[in-house]
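Enquirer: You'll find final26.txt just under this line, and it carries compact mmCIF, C-alpha atoms and all ligand atoms.
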```
# COMPACT_ATOMS: atom_id res chain seq x y z
CA MET O 1 -24.34 37.99 -4.32
CA LYS O 2 -21.90 36.31 -1.98
CA GLY O 3 -19.91 33.41 -3.45
CA LEU O 4 -18.06 30.34 -2.30
CA ARG O 5 -14.32 30.05 -2.19
CA LEU O 6 -12.36 26.89 -1.64
CA LEU O 7 -10.32 26.80 1.56
CA ALA O 8 -9.06 23.23 1.81
CA THR O 9 -9.51 19.71 0.48
CA GLY O 10 -9.12 16.14 1.66
CA GLY O 11 -9.10 12.80 -0.10
CA ALA O 12 -9.34 9.07 0.48
CA LEU O 13 -8.65 6.16 -1.83
CA PRO O 14 -9.58 2.58 -0.98
CA GLY O 15 -7.07 -0.22 -0.60
CA ARG O 16 -7.42 -2.30 -3.75
CA VAL O 17 -5.83 -1.22 -7.04
CA VAL O 18 -7.38 -2.82 -10.14
CA THR O 19 -5.41 -2.45 -13.37
CA ASN O 20 -6.65 -2.94 -16.92
CA GLU O 21 -4.59 -6.12 -16.92
CA ASP O 22 -6.58 -7.37 -13.90
CA LEU O 23 -9.84 -6.70 -15.79
CA ARG O 24 -8.53 -8.51 -18.88
CA ARG O 25 -8.52 -11.66 -16.76
CA GLN O 26 -12.15 -10.99 -15.77
CA VAL O 27 -13.84 -10.00 -19.06
CA ASP O 28 -13.08 -10.03 -22.79
CA THR O 29 -11.17 -6.72 -22.98
CA SER O 30 -7.65 -5.37 -23.36
CA ASP O 31 -5.49 -2.62 -21.90
CA GLU O 32 -5.27 -1.17 -25.41
CA TRP O 33 -9.09 -0.96 -25.83
CA ILE O 34 -9.61 0.63 -22.43
CA THR O 35 -6.78 3.17 -22.65
CA THR O 36 -7.50 4.31 -26.21
CA ARG O 37 -11.28 4.67 -25.65
CA THR O 38 -11.21 6.12 -22.14
CA GLY O 39 -7.70 7.05 -20.97
CA ILE O 40 -8.21 4.81 -17.88
CA ARG O 41 -5.31 2.60 -16.77
CA GLN O 42 -6.31 1.64 -13.24
CA ARG O 43 -8.96 2.32 -10.61
CA TYR O 44 -9.34 1.69 -6.87
CA TYR O 45 -11.94 -0.63 -5.34
CA CYS O 46 -13.06 -0.78 -1.74
CA THR O 47 -11.77 -3.68 0.32
CA GLU O 48 -14.20 -5.62 2.51
CA ASN O 49 -13.97 -3.12 5.38
CA GLU O 50 -14.32 0.01 3.26
CA ASP O 51 -17.35 1.73 1.76
CA ALA O 52 -18.34 5.19 0.54
CA ALA O 53 -18.93 6.33 4.14
CA THR O 54 -15.55 5.24 5.54
CA LEU O 55 -13.83 7.00 2.62
CA ALA O 56 -15.95 10.14 3.16
CA ILE O 57 -15.01 10.30 6.85
CA THR O 58 -11.27 10.02 6.09
CA ALA O 59 -11.46 12.68 3.36
CA ALA O 60 -13.55 14.99 5.57
CA ARG O 61 -11.12 14.70 8.51
CA GLN O 62 -8.25 15.69 6.25
CA ALA O 63 -10.10 18.65 4.72
CA MET O 64 -11.05 19.89 8.20
CA ALA O 65 -7.48 19.55 9.49
CA ARG O 66 -6.13 21.45 6.50
CA SER O 67 -8.74 24.19 6.72
CA GLY O 68 -7.55 25.26 10.16
CA LEU O 69 -11.22 25.40 11.25
CA THR O 70 -12.93 23.56 14.09
CA ALA O 71 -16.05 21.40 13.89
CA ASN O 72 -18.04 24.24 15.43
CA ASP O 73 -17.24 26.49 12.44
CA ILE O 74 -19.06 24.19 9.98
CA ALA O 75 -22.62 25.35 9.30
CA CYS O 76 -23.66 22.39 7.11
CA CYS O 77 -22.35 19.03 5.90
CA ILE O 78 -23.51 17.83 2.49
CA VAL O 79 -22.42 14.60 0.83
CA ALA O 80 -22.84 13.84 -2.88
CA THR O 81 -23.10 10.11 -3.57
CA LEU O 82 -25.15 7.46 -5.34
CA SER O 83 -23.54 4.54 -3.53
CA ALA O 84 -24.19 5.10 0.18
CA PRO O 85 -23.98 1.87 2.21
CA THR O 86 -27.42 2.62 3.67
CA ALA O 87 -30.25 4.90 2.56
CA THR O 88 -30.37 6.06 6.17
CA PRO O 89 -28.37 7.00 8.10
CA SER O 90 -27.02 9.13 5.29
CA ILE O 91 -23.27 9.36 4.82
CA ALA O 92 -23.45 13.01 5.90
CA CYS O 93 -24.95 11.94 9.24
CA ARG O 94 -22.18 9.36 9.65
CA VAL O 95 -19.65 12.14 9.00
CA GLN O 96 -21.42 14.36 11.56
CA ALA O 97 -21.02 11.67 14.22
CA ALA O 98 -17.44 10.73 13.31
CA LEU O 99 -16.17 14.32 13.23
CA GLY O 100 -18.30 15.54 16.12
CA LEU O 101 -19.96 18.28 14.06
CA PRO O 102 -22.45 20.26 16.18
CA GLU O 103 -25.95 18.75 16.22
CA ASP O 104 -27.74 22.00 15.43
CA ARG O 105 -26.49 21.97 11.82
CA PRO O 106 -27.96 20.13 8.81
CA ALA O 107 -26.25 17.01 7.43
CA PHE O 108 -27.68 15.15 4.42
CA ASP O 109 -26.82 13.39 1.15
CA VAL O 110 -27.68 14.49 -2.38
CA ASN O 111 -27.79 12.25 -5.44
CA ALA O 112 -27.13 13.91 -8.76
CA ALA O 113 -24.83 11.09 -9.95
CA CYS O 114 -21.61 12.45 -11.49
CA SER O 115 -22.79 16.08 -11.17
CA GLY O 116 -23.35 15.50 -7.45
CA PHE O 117 -20.42 17.52 -6.14
CA ILE O 118 -21.53 20.64 -8.04
CA TYR O 119 -25.13 20.14 -6.86
CA ALA O 120 -23.90 19.70 -3.27
CA ALA O 121 -21.73 22.83 -3.46
CA ALA O 122 -24.67 24.80 -4.88
CA THR O 123 -26.87 23.51 -2.04
CA ALA O 124 -24.21 24.51 0.49
CA HIS O 125 -24.07 27.99 -1.06
CA GLY O 126 -27.81 28.41 -0.62
CA LEU O 127 -27.84 26.95 2.89
CA LEU O 128 -25.01 29.13 4.15
CA THR O 129 -27.09 32.11 3.13
CA THR O 130 -30.28 30.68 4.67
CA LEU O 131 -28.55 29.71 7.93
CA ASP O 132 -26.34 32.77 8.11
CA GLY O 133 -23.31 30.45 8.24
CA GLN O 134 -19.80 30.96 6.92
CA TYR O 135 -18.27 27.54 6.27
CA ALA O 136 -19.55 24.33 4.66
CA LEU O 137 -18.12 20.82 4.46
CA VAL O 138 -18.95 19.25 1.07
CA ILE O 139 -17.92 15.70 0.18
CA GLY O 140 -18.18 13.54 -2.94
CA CYS O 141 -17.73 9.81 -2.35
CA GLU O 142 -18.53 6.56 -4.14
CA ALA O 143 -18.16 2.80 -3.89
CA LEU O 144 -19.24 2.06 -7.47
CA SER O 145 -17.43 -1.29 -7.46
CA ARG O 146 -20.36 -2.52 -5.35
CA MET O 147 -22.85 -1.49 -8.06
CA MET O 148 -21.24 -3.00 -11.13
CA ASP O 149 -21.81 -6.24 -12.96
CA PRO O 150 -18.24 -7.63 -13.02
CA THR O 151 -19.09 -9.62 -16.16
CA ASP O 152 -20.31 -6.58 -18.18
CA ARG O 153 -17.28 -5.32 -20.09
CA THR O 154 -19.12 -2.23 -21.31
CA THR O 155 -19.32 -0.80 -17.75
CA CYS O 156 -16.93 -2.64 -15.41
CA VAL O 157 -13.85 -1.11 -17.03
CA LEU O 158 -15.05 2.45 -16.48
CA PHE O 159 -15.77 3.00 -12.80
CA GLY O 160 -13.81 3.21 -9.55
CA ASP O 161 -14.19 4.12 -5.86
CA GLY O 162 -12.90 7.05 -3.80
CA ALA O 163 -13.76 10.23 -1.92
CA GLY O 164 -12.84 13.89 -1.94
CA ALA O 165 -13.85 16.60 0.52
CA ALA O 166 -13.84 20.38 0.41
CA VAL O 167 -14.28 23.15 2.96
CA PHE O 168 -15.90 26.20 1.39
CA GLU O 169 -16.27 29.71 2.77
CA LEU O 170 -19.10 32.07 1.89
CA ALA O 171 -17.43 35.40 1.04
CA GLU O 172 -18.30 38.86 -0.33
CA ASN O 173 -16.99 40.14 -3.65
CA VAL O 174 -15.47 36.93 -4.97
CA PRO O 175 -15.74 35.61 -8.51
CA PHE O 176 -18.48 32.97 -8.36
CA ALA O 177 -21.08 31.43 -10.64
CA ILE O 178 -23.09 28.23 -10.72
CA THR O 179 -25.20 26.55 -13.38
CA LEU O 180 -27.22 23.35 -12.86
CA GLY O 181 -29.55 21.36 -15.08
CA ALA O 182 -31.40 18.06 -15.48
CA ARG O 183 -33.11 16.05 -18.22
CA GLY O 184 -34.82 12.85 -17.10
CA SER O 185 -33.43 9.92 -19.07
CA GLU O 186 -32.58 6.24 -18.59
CA ALA O 187 -29.29 6.59 -20.52
CA ILE O 188 -27.42 5.76 -17.30
CA ARG O 189 -29.21 3.60 -14.75
CA ALA O 190 -28.19 2.04 -11.45
CA GLY O 191 -30.27 0.47 -8.71
CA GLY O 192 -33.93 -0.41 -8.96
CA PRO O 193 -37.36 0.74 -7.79
CA ALA O 194 -36.60 -0.13 -4.16
CA ALA O 195 -33.61 1.27 -2.30
CA CYS O 196 -32.52 -2.27 -1.42
CA ASP O 197 -32.54 -3.32 -5.08
CA THR O 198 -28.95 -3.57 -6.25
CA ALA O 199 -29.46 -3.72 -10.02
CA PRO O 200 -26.06 -2.94 -11.51
CA ILE O 201 -25.07 0.11 -13.55
CA THR O 202 -26.11 0.02 -17.21
CA MET O 203 -25.38 2.71 -19.75
CA ASP O 204 -25.94 3.73 -23.34
CA GLY O 205 -22.29 4.71 -23.79
CA LYS O 206 -22.67 6.43 -27.16
CA ALA O 207 -25.67 8.52 -26.07
CA VAL O 208 -23.87 9.54 -22.88
CA PHE O 209 -20.78 10.49 -24.88
CA ARG O 210 -22.86 12.74 -27.17
CA PHE O 211 -24.62 14.27 -24.16
CA ALA O 212 -21.29 14.94 -22.41
CA VAL O 213 -19.52 16.63 -25.32
CA GLU O 214 -22.53 18.89 -25.86
CA THR O 215 -23.02 19.71 -22.17
CA MET O 216 -19.50 20.37 -20.89
CA PRO O 217 -18.54 23.31 -23.11
CA ARG O 218 -22.00 24.83 -22.59
CA CYS O 219 -21.70 24.65 -18.77
CA LEU O 220 -18.22 26.14 -18.89
CA GLN O 221 -19.33 28.98 -21.15
CA THR O 222 -22.35 29.67 -18.91
CA VAL O 223 -20.30 30.11 -15.73
CA LEU O 224 -17.73 32.23 -17.61
CA ASP O 225 -20.49 34.49 -18.97
CA ARG O 226 -22.25 34.78 -15.61
CA SER O 227 -19.06 35.81 -13.84
CA GLN O 228 -17.88 37.99 -16.74
CA LYS O 229 -14.69 35.99 -17.09
CA THR O 230 -12.99 34.37 -20.05
CA LEU O 231 -11.06 31.15 -20.33
CA ALA O 232 -7.88 33.20 -20.05
CA ASP O 233 -8.90 34.18 -16.50
CA LEU O 234 -9.03 30.56 -15.38
CA ALA O 235 -6.00 28.81 -13.92
CA TRP O 236 -7.74 25.42 -14.13
CA VAL O 237 -10.76 23.66 -15.52
CA VAL O 238 -11.57 20.60 -13.42
CA CYS O 239 -14.02 18.41 -15.32
CA HIS O 240 -15.74 15.24 -14.20
CA GLN O 241 -13.20 12.52 -15.02
CA ALA O 242 -15.32 10.06 -17.01
CA ASN O 243 -13.29 9.75 -20.15
CA SER O 244 -10.23 11.52 -21.51
CA ARG O 245 -11.77 11.81 -24.99
CA ILE O 246 -14.78 13.72 -23.65
CA ILE O 247 -12.45 16.33 -22.11
CA ASP O 248 -10.42 16.47 -25.35
CA HIS O 249 -13.63 17.21 -27.31
CA CYS O 250 -14.39 20.06 -24.91
CA ILE O 251 -10.86 21.49 -25.32
CA LYS O 252 -11.16 21.32 -29.11
CA HIS O 253 -14.62 22.84 -29.18
CA LEU O 254 -13.50 25.80 -27.05
CA HIS O 255 -10.07 26.17 -28.74
CA ALA O 256 -8.75 25.98 -25.18
CA GLU O 257 -5.30 25.43 -23.75
CA PRO O 258 -5.17 21.65 -23.00
CA SER O 259 -2.79 22.08 -20.04
CA LYS O 260 -5.53 23.97 -18.12
CA PHE O 261 -7.72 20.86 -18.08
CA TYR O 262 -6.68 18.61 -15.21
CA LYS O 263 -6.91 14.89 -15.93
CA ASN O 264 -6.49 11.96 -13.57
CA MET O 265 -8.84 9.31 -14.92
CA ASP O 266 -5.78 7.24 -15.86
CA ARG O 267 -5.32 6.50 -12.13
CA HIS O 268 -8.91 6.53 -10.85
CA GLY O 269 -11.38 5.73 -13.62
CA ASN O 270 -14.78 7.37 -13.28
CA THR O 271 -15.55 7.90 -9.57
CA SER O 272 -18.85 9.73 -10.23
CA ALA O 273 -19.58 12.34 -7.52
CA ALA O 274 -16.08 11.87 -6.08
CA SER O 275 -14.17 12.66 -9.26
CA ILE O 276 -14.07 16.48 -9.05
CA PRO O 277 -13.15 16.70 -5.34
CA ILE O 278 -10.54 13.94 -5.74
CA ALA O 279 -9.02 15.98 -8.59
CA LEU O 280 -9.10 19.18 -6.49
CA HIS O 281 -7.43 17.34 -3.64
CA GLU O 282 -4.66 15.95 -5.85
CA MET O 283 -4.09 19.42 -7.27
CA GLU O 284 -3.84 20.93 -3.80
CA GLU O 285 -1.50 18.15 -2.62
CA SER O 286 0.83 18.57 -5.56
CA GLY O 287 0.94 22.37 -5.28
CA LEU O 288 -0.94 23.00 -8.53
CA LEU O 289 -3.59 25.08 -6.72
CA ARG O 290 -2.35 28.46 -5.54
CA PRO O 291 -4.22 31.02 -3.46
CA GLY O 292 -6.10 33.49 -5.63
CA GLN O 293 -6.44 31.21 -8.63
CA THR O 294 -9.82 31.05 -10.36
CA LEU O 295 -11.12 27.61 -11.31
CA ALA O 296 -14.11 26.15 -13.10
CA CYS O 297 -15.48 22.73 -12.11
CA ILE O 298 -17.79 21.02 -14.61
CA GLY O 299 -19.82 17.86 -13.96
CA PHE O 300 -22.22 15.77 -16.03
CA GLY O 301 -23.78 12.37 -15.62
CA GLY O 302 -26.71 10.17 -14.72
CA GLY O 303 -30.14 11.66 -14.35
CA LEU O 304 -29.21 13.09 -16.76
CA THR O 305 -27.74 16.00 -14.80
CA TRP O 306 -25.09 18.64 -15.32
CA GLY O 307 -23.50 21.46 -13.39
CA GLY O 308 -20.72 24.04 -13.54
CA MET O 309 -19.17 26.23 -10.86
CA LEU O 310 -16.62 29.02 -11.12
CA LEU O 311 -14.80 29.97 -7.90
CA THR O 312 -11.43 30.89 -6.42
CA TYR O 313 -9.04 28.81 -4.39
CA GLU O 314 -8.20 30.62 -1.17
CA GLY O 315 -6.14 28.07 0.75
CA ARG O 316 -6.38 27.50 4.51
CA LYS O 317 -7.34 30.20 6.97
N1 LIG F 401 -13.35 -4.12 -24.13
C1 LIG F 401 -13.34 -4.48 -25.41
N2 LIG F 401 -14.37 -4.25 -26.26
C2 LIG F 401 -15.43 -3.61 -25.77
C3 LIG F 401 -15.51 -3.19 -24.42
C4 LIG F 401 -14.41 -3.48 -23.61
N3 LIG F 401 -14.37 -3.12 -22.30
N4 LIG F 401 -16.69 -2.57 -24.23
C5 LIG F 401 -17.34 -2.59 -25.40
N5 LIG F 401 -16.58 -3.21 -26.33
C6 LIG F 401 -16.88 -3.48 -27.72
C7 LIG F 401 -18.35 -3.39 -28.03
O1 LIG F 401 -18.99 -4.61 -27.70
C8 LIG F 401 -18.34 -3.09 -29.50
O2 LIG F 401 -18.12 -4.30 -30.21
P1 LIG F 401 -18.90 -4.58 -31.57
O3 LIG F 401 -18.47 -3.47 -32.49
O4 LIG F 401 -18.42 -5.93 -31.95
O5 LIG F 401 -20.36 -4.51 -31.21
C9 LIG F 401 -17.09 -2.22 -29.68
O6 LIG F 401 -16.28 -2.45 -28.52
C10 LIG F 401 -17.40 -0.75 -29.77
O7 LIG F 401 -18.30 -0.44 -28.72
P2 LIG F 401 -18.88 0.99 -28.56
O8 LIG F 401 -19.84 1.01 -27.41
O9 LIG F 401 -19.33 1.48 -29.90
O10 LIG F 401 -17.56 1.79 -28.16
P3 LIG F 401 -17.37 3.32 -28.02
O11 LIG F 401 -16.31 3.76 -28.95
O12 LIG F 401 -18.67 4.08 -28.01
O13 LIG F 401 -16.75 3.40 -26.56
C11 LIG F 401 -17.38 3.98 -24.32
C12 LIG F 401 -17.50 2.97 -25.43
C13 LIG F 401 -18.22 3.50 -23.15
C14 LIG F 401 -15.92 4.08 -23.91
C15 LIG F 401 -17.87 5.35 -24.85
O14 LIG F 401 -19.12 5.22 -25.45
C16 LIG F 401 -17.96 6.36 -23.76
O15 LIG F 401 -16.94 6.78 -23.21
N6 LIG F 401 -19.19 6.83 -23.43
C17 LIG F 401 -19.36 7.75 -22.33
C18 LIG F 401 -19.35 6.95 -21.08
C19 LIG F 401 -19.27 7.78 -19.87
O16 LIG F 401 -18.43 8.64 -19.76
N7 LIG F 401 -20.15 7.51 -18.92
C20 LIG F 401 -20.18 8.10 -17.67
C21 LIG F 401 -20.81 9.42 -17.74
S1 LIG F 401 -20.87 10.12 -16.17
```
Turn this file's structure into structure tokens for me.
Ligand code: COA
Expert:
Amino acid sequence: MKGLRLLATGGALPGRVVTNEDLRRQVDTSDEWITTRTGIRQRYYCTENEDAATLAITAARQAMARSGLTANDIACCIVATLSAPTATPSIACRVQAALGLPEDRPAFDVNAACSGFIYAAATAHGLLTTLDGQYALVIGCEALSRMMDPTDRTTCVLFGDGAGAAVFELAENVPFAITLGARGSEAIRAGGPAACDTAPITMDGKAVFRFAVETMPRCLQTVLDRSQKTLADLAWVVCHQANSRIIDHCIKHLHAEPSKFYKNMDRHGNTSAASIPIALHEMEESGLLRPGQTLACIGFGGGLTWGGMLLTYEGRK
């Protein structure tokens, strides 16, 4: 089977920084409570002129520029999000127009909440095969600040906005594995029966925590087994950045090397589908990703959904 490899990333963060101290003035909470329970110190919120689509376009432009490819090389554009400004046009179609991607290629959004980026990458993998294409543009982006009840301290401290983009190449003989799953549950809920219903995010935090610590190590082990790799073969594990303690549980459970698990929730909070590509972008920017490295990306979240992907970082063409 052909696999995906990562060629280049892009990222975009909105203009407003919201610290734990800022939230303390908004709800009955404290910096100490938020940092010890979640590891989050600040998050970014969209300003009036920003939304998940504007962030996606910025991140996509950067990933394309870094990839060394042209718009014509991209066989499909898939966006993972649960906070698109409109149900249609999709964010992917907005990206198609903004970047001038050829019109004879598919562009659409997927919603698998915080597992969205893995679902979108898996979809791109399948589509590249179906369409006989070589390169895919995959984006994760969110404006969760627009979906939160600012008076609910159990959720408003957790989430943030942002976007990350990736250009993938379909290649022969590369280490690659994907696992995806779903279990219908109301443990995390956002929006209502109609697309225009803006019911805010609610969550059974404890149930989600239990789900996450059970799911993450299992997803990681599955992609390792399927690609006949071990943890020692991985340069990095890039988990969905919901909560530092969830990642610590995973490290403990697997007796893993903590320094392999990238963490950035202290600066971003939980950005749902954007969290993994934002992390990949930061790692590329800071030189942590080096050509030839093998990585695992693990997501989990609303739906409930989960997903894991093992792949290599190739760097630009
Ligand atoms: N500030 C201060 N106190 C808060 C608070 C806040 N922001 N949010 C909740 N509390 C209070 C609760 O009201 C409760 O008070 P009580 O004991 O008087 O009833 C107390 O803190 C403990 O609440 P609890 O919900 O038991 O805390 P917890 O240790 O389970 O931590 C989460 C809460 C949300 C941090 C934790 O459950 C979690 O991380 N869950 C996973 C969430 C997640 O990652 N979701 C996204 C998945 S994609």
Enquirer: So how many Å separate atom O10 of ligand LIG 401 (chain F) and atom CA of Thr154 of chain O, to one decimal?
Expert: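 Result for atom O10 of ligand LIG 401 (chain F) versus atom CA of Thr154 of chain O: 8.1 Å, one decimal.
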Enquirer: Collect all residues with atoms no farther than 9 Å from ligand LIG 401 (chain F), counting all atoms listed in the file, and output them as a VMD selection string.
Expert: chain O and resid 23 to 24 27 to 34 36 to 38 113 to 115 152 to 159 188 203 to 212 240 to 246 270 to 272 299 to 302 304
Enquirer: Taking all atoms of segment 129-135 of chain O that the file lists and extending 4 Å past them on each side, where is the centre of the axis-aligned box and how long are its edges? Answer in Å to one decimal, as JSON.
Expert:
```
{"center_x": -24.3, "center_y": 30.2, "center_z": 5.7, "size_x": 20.0, "size_y": 13.2, "size_z": 13.1}
```
Enquirer: Measure the distance from atom CA of Asn20 of chain O to atom CA of Asp248 of chain O in Å and round it to one decimal.
Expert: 21.5 Å
Enquirer: Which one of O:Leu220, O:Leu254, O:Leu280, O:Leu311 sits closest to Ile298 of chain O if you count all atoms listed in the file?
Expert: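 Among O:Leu220, O:Leu254, O:Leu280, O:Leu311, it is O:Leu220 that comes nearest to Ile298 of chain O.
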Enquirer: If you measure from atom CA of Lys2 of chain O to atom CA of Thr179 of chain O, what distance in Å do you get, rounded to one decimal?
Expert: 15.4 Å
Enquirer: Which residue is closest to Asp149 of chain O? Choose from O:Ile251, O:Ala59, O:Gln26, O:Val223 and count all atoms listed in the file.
Expert: O:Gln26
Enquirer: Since fewer atoms than expected are present, regenerate N, CA, C and O atoms for segment 23-36 of chain O and write them as an mmCIF file, in the coordinates of the input.
Expert:
```
data_model
loop_
_atom_site.group_PDB
_atom_site.id
_atom_site.type_symbol
_atom_site.label_atom_id
_atom_site.label_comp_id
_atom_site.auth_asym_id
_atom_site.auth_seq_id
_atom_site.Cartn_x
_atom_site.Cartn_y
_atom_site.Cartn_z
ATOM 1 N N LEU O 23 -8.500 -6.569 -15.194
ATOM 2 C CA LEU O 23 -9.840 -6.700 -15.790
ATOM 3 C C LEU O 23 -9.809 -7.610 -17.015
ATOM 4 O O LEU O 23 -10.801 -8.258 -17.334
ATOM 5 N N ARG O 24 -8.675 -7.641 -17.697
ATOM 6 C CA ARG O 24 -8.530 -8.510 -18.880
ATOM 7 C C ARG O 24 -8.704 -9.975 -18.483
ATOM 8 O O ARG O 24 -9.166 -10.790 -19.277
ATOM 9 N N ARG O 25 -8.354 -10.271 -17.233
ATOM 10 C CA ARG O 25 -8.520 -11.660 -16.760
ATOM 11 C C ARG O 25 -9.969 -11.936 -16.351
ATOM 12 O O ARG O 25 -10.353 -13.063 -16.123
ATOM 13 N N GLN O 26 -10.760 -10.871 -16.266
ATOM 14 C CA GLN O 26 -12.150 -10.990 -15.770
ATOM 15 C C GLN O 26 -13.166 -10.966 -16.914
ATOM 16 O O GLN O 26 -14.164 -11.662 -16.883
ATOM 17 N N VAL O 27 -12.930 -10.112 -17.919
ATOM 18 C CA VAL O 27 -13.840 -10.000 -19.060
ATOM 19 C C VAL O 27 -13.037 -9.933 -20.354
ATOM 20 O O VAL O 27 -11.821 -9.745 -20.325
ATOM 21 N N ASP O 28 -13.738 -10.050 -21.485
ATOM 22 C CA ASP O 28 -13.080 -10.030 -22.790
ATOM 23 C C ASP O 28 -12.750 -8.571 -23.155
ATOM 24 O O ASP O 28 -13.551 -7.880 -23.784
ATOM 25 N N THR O 29 -11.586 -8.091 -22.695
ATOM 26 C CA THR O 29 -11.170 -6.720 -22.980
ATOM 27 C C THR O 29 -9.656 -6.681 -23.078
ATOM 28 O O THR O 29 -8.995 -7.718 -22.982
ATOM 29 N N SER O 30 -9.109 -5.493 -23.295
ATOM 30 C CA SER O 30 -7.650 -5.370 -23.360
ATOM 31 C C SER O 30 -7.254 -3.996 -22.823
ATOM 32 O O SER O 30 -8.046 -3.049 -22.864
ATOM 33 N N ASP O 31 -6.020 -3.911 -22.372
ATOM 34 C CA ASP O 31 -5.490 -2.620 -21.900
ATOM 35 C C ASP O 31 -5.568 -1.608 -23.046
ATOM 36 O O ASP O 31 -5.933 -0.451 -22.838
ATOM 37 N N GLU O 32 -5.279 -2.073 -24.253
ATOM 38 C CA GLU O 32 -5.270 -1.170 -25.410
ATOM 39 C C GLU O 32 -6.672 -0.587 -25.656
ATOM 40 O O GLU O 32 -6.834 0.615 -25.864
ATOM 41 N N TRP O 33 -7.711 -1.444 -25.604
ATOM 42 C CA TRP O 33 -9.090 -0.960 -25.830
ATOM 43 C C TRP O 33 -9.460 0.069 -24.769
ATOM 44 O O TRP O 33 -9.958 1.154 -25.079
ATOM 45 N N ILE O 34 -9.176 -0.254 -23.517
ATOM 46 C CA ILE O 34 -9.610 0.630 -22.430
ATOM 47 C C ILE O 34 -8.857 1.964 -22.484
ATOM 48 O O ILE O 34 -9.462 3.037 -22.390
ATOM 49 N N THR O 35 -7.540 1.905 -22.686
ATOM 50 C CA THR O 35 -6.780 3.170 -22.650
ATOM 51 C C THR O 35 -7.105 4.042 -23.861
ATOM 52 O O THR O 35 -7.262 5.258 -23.711
ATOM 53 N N THR O 36 -7.248 3.447 -25.045
ATOM 54 C CA THR O 36 -7.500 4.310 -26.210
ATOM 55 C C THR O 36 -8.920 4.891 -26.182
ATOM 56 O O THR O 36 -9.128 6.022 -26.591
#
```
